[in-house]
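Visitor: Pasting a structure here, questions to come.
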Amino acid sequence: LFAAGASAQLKFVDAEQLGLVNKLGPTENRYHRVDTDKYDLTQAEANLLRMPAGMALVFRTNSSQIAVRTHYLNYSMVRHSTTGVSQTGYDLYIRKDGGWLYAGSNAPKNEDAELVLVRNMDDSEKECLLYLPLFDEVKTLEIGVDAGARIEAAPNPFRHRIVVIGSSITHGTGLSRPGMAYPAQLERATGFEFVNLGASGQCKMEQFFAHVAAACEADAFLFDSFSNPSAQQIEERLEPFVATIRAAHPTTPLIF
């Protein structure tokens, strides 16, 4: 179900109270992917890694409708190579018969808008997976449910932890909605947790990406690292890139 507009019967709760999956590690802003102050980054690289691409809230509710209200740090209506839903919007899935069923998506037409993602459901308990925007920086986020409904954090429904470092293909450029980035699709299909560290236009095996990987916990790494660099950059950077990660993760699979 797709629905637009808000309802007077909604109550909003701070999403800080709910579960969050596909996050690399702690950051001051919960919805940043990387603590960008720790690394020597260009402004463009820092901006990309502060976007919550791939991260998703996990929660349970018996509400008949689910909505979001967001305050963005860099809200923009400009759409270059992606849809509004993908850039600033949300993508909701509900678990049914062991799989994740698409439930609804929506994007704001102005900042701080209240967005209903789905309505007219029954009052049974639902396990929800809500993917955050791919290309905008989120400051605060609230989830709206029926005034009398329950909502609570759910545990991480995924096992194993695969960190994906890549280019715009990984980040999600050109997609219709946030849950269609390939790490998110693989996650729902396999039950494994995929952490999206795609950076559109970047990922040329820069050393800072290797240091980011070295500092995190992962059961495997997946690299989309040959899309953007030149042949010369690949020749010069591949071995040092691998060596930096291997020093911290001597046996973790590295999949290129």
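Going by the structure tokens order, chains are called A, B, ..., each with residues numbered from 1, while ligands are numbered from 1 in the order shown.
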For stretch 136-148 of chain A, please output as a VMD selection string all residues within 6 Å (counting only C-alpha atoms; exclusion window: fewer than 5 positions along the same chain).
Guide: chain A and resid 9 to 15 51 63 65 to 74 88
Visitor: Within 9 Å of A:Glu152, counting only C-alpha atoms, which residues qualify if same-chain residues fewer than 3 places away don't, as a list in words?
Guide: Gln17, Leu18, Gly19, Val58, Phe59, Arg60 and Thr61 of chain A
Visitor: List the spatial neighbours of A:Ala107 as a short mmCIF file (atom, residue, chain, number, x, y, z; two decimals) with N, CA and C atoms, in the first residue's frame - criterion: any atom at most 8 Å away, only C-alpha atoms, same-chain residues fewer than 5 positions off excluded.
Guide:
```cif
data_model
loop_
_atom_site.label_atom_id
_atom_site.label_comp_id
_atom_site.auth_asym_id
_atom_site.auth_seq_id
_atom_site.Cartn_x
_atom_site.Cartn_y
_atom_site.Cartn_z
N GLY A 84 13.10 11.13 -5.83
CA GLY A 84 12.92 11.77 -4.54
C GLY A 84 12.78 10.77 -3.42
N VAL A 85 12.09 9.65 -3.67
CA VAL A 85 11.94 8.60 -2.65
C VAL A 85 13.30 8.05 -2.27
N SER A 86 14.16 7.83 -3.24
CA SER A 86 15.48 7.29 -2.98
C SER A 86 16.37 8.30 -2.26
N THR A 88 15.56 11.29 -0.42
CA THR A 88 15.17 11.79 0.91
C THR A 88 14.08 10.96 1.57
N GLY A 89 13.64 9.89 0.93
CA GLY A 89 12.49 9.16 1.41
C GLY A 89 12.82 7.86 2.13
N TYR A 90 11.77 7.08 2.36
CA TYR A 90 11.84 5.88 3.19
C TYR A 90 11.19 4.71 2.48
N LEU A 115 4.97 11.90 6.78
CA LEU A 115 4.75 11.00 5.65
C LEU A 115 4.12 9.70 6.13
#
```
Visitor: Write down as a count of residues only the residues of stretch 23-231 of chain A whose backbone DSSP state falls under strand (DSSP E).
Guide: 70
Visitor: Need to verify the contact set: A:Thr36, 9 Å, only C-alpha atoms, exclusion of same-chain residues closer than 3 positions in sequence. Can you return it as a ChimeraX atom specification?
Guide: /A:27,32-33,39-41,45-47,49-50
Visitor: Taking 2 positions as the minimum chain separation for residues in the same chain, which residues sit within 10 Å of A:Gln87 when counting only C-alpha atoms? Answer as a PyMOL selection string.
Guide: chain A and resi 51+53+75-85+89-90+107+132-137+172-178
Visitor: Output C-alpha atoms for every residue in the selection just made, as a PDB file, in the first residue's frame.
Guide:
```pdb
ATOM      1  CA  MET A  51      24.279   9.937   4.590  1.00  0.00           C
ATOM      2  CA  ALA A  53      22.412   4.844   3.011  1.00  0.00           C
ATOM      3  CA  TYR A  75      17.568  18.824   2.825  1.00  0.00           C
ATOM      4  CA  SER A  76      17.499  19.343  -0.933  1.00  0.00           C
ATOM      5  CA  MET A  77      14.776  19.081  -3.545  1.00  0.00           C
ATOM      6  CA  VAL A  78      17.391  18.742  -6.308  1.00  0.00           C
ATOM      7  CA  ARG A  79      17.134  15.356  -8.049  1.00  0.00           C
ATOM      8  CA  HIS A  80      19.975  14.631 -10.442  1.00  0.00           C
ATOM      9  CA  SER A  81      20.295  10.898 -10.964  1.00  0.00           C
ATOM     10  CA  THR A  82      17.847   9.432  -8.474  1.00  0.00           C
ATOM     11  CA  THR A  83      14.219   9.680  -7.407  1.00  0.00           C
ATOM     12  CA  GLY A  84      12.916  11.770  -4.538  1.00  0.00           C
ATOM     13  CA  VAL A  85      11.941   8.603  -2.648  1.00  0.00           C
ATOM     14  CA  GLY A  89      12.488   9.155   1.409  1.00  0.00           C
ATOM     15  CA  TYR A  90      11.838   5.879   3.189  1.00  0.00           C
ATOM     16  CA  ALA A 107       9.256  11.082   0.209  1.00  0.00           C
ATOM     17  CA  LEU A 132      16.565   5.300   5.574  1.00  0.00           C
ATOM     18  CA  PRO A 133      17.278   7.837   2.785  1.00  0.00           C
ATOM     19  CA  LEU A 134      20.203   7.163   0.460  1.00  0.00           C
ATOM     20  CA  PHE A 135      21.289  10.720  -0.311  1.00  0.00           C
ATOM     21  CA  ASP A 136      20.402  13.132   2.483  1.00  0.00           C
ATOM     22  CA  GLU A 137      21.774  13.681   5.977  1.00  0.00           C
ATOM     23  CA  GLY A 172      22.287   3.316  -4.698  1.00  0.00           C
ATOM     24  CA  THR A 173      22.457   5.982  -7.404  1.00  0.00           C
ATOM     25  CA  GLY A 174      19.571   5.798  -9.871  1.00  0.00           C
ATOM     26  CA  LEU A 175      17.351   3.556  -7.762  1.00  0.00           C
ATOM     27  CA  SER A 176      13.628   3.979  -7.251  1.00  0.00           C
ATOM     28  CA  ARG A 177      13.752   3.607  -3.444  1.00  0.00           C
ATOM     29  CA  PRO A 178      16.286   2.979  -0.636  1.00  0.00           C
TER      30      PRO A 178
END
```
Visitor: May I ask which of the residues A:His249, A:Arg161, A:Lys126, A:His171 is the closest one to A:Gln202, counting only C-alpha atoms?
Guide: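 The shortest atom-to-atom distance to A:Gln202 comes from A:His171.
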Visitor: Using DSSP assignments from the backbone, pull out every residue in stretch 58-255 of chain A that falls under alpha helix (DSSP H) and give it to me as a PyMOL selection string.
Guide: chain A and resi 84-88+168-171+182-190+207-215+231-248
Visitor: Measuring between only C-alpha atoms, which one of A:Val164, A:Met121, A:Met55, A:Leu130 shows the shortest distance to A:Ala213?
Guide: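 Between A:Val164, A:Met121, A:Met55, A:Leu130, the residue approaching A:Ala213 most closely is A:Val164.
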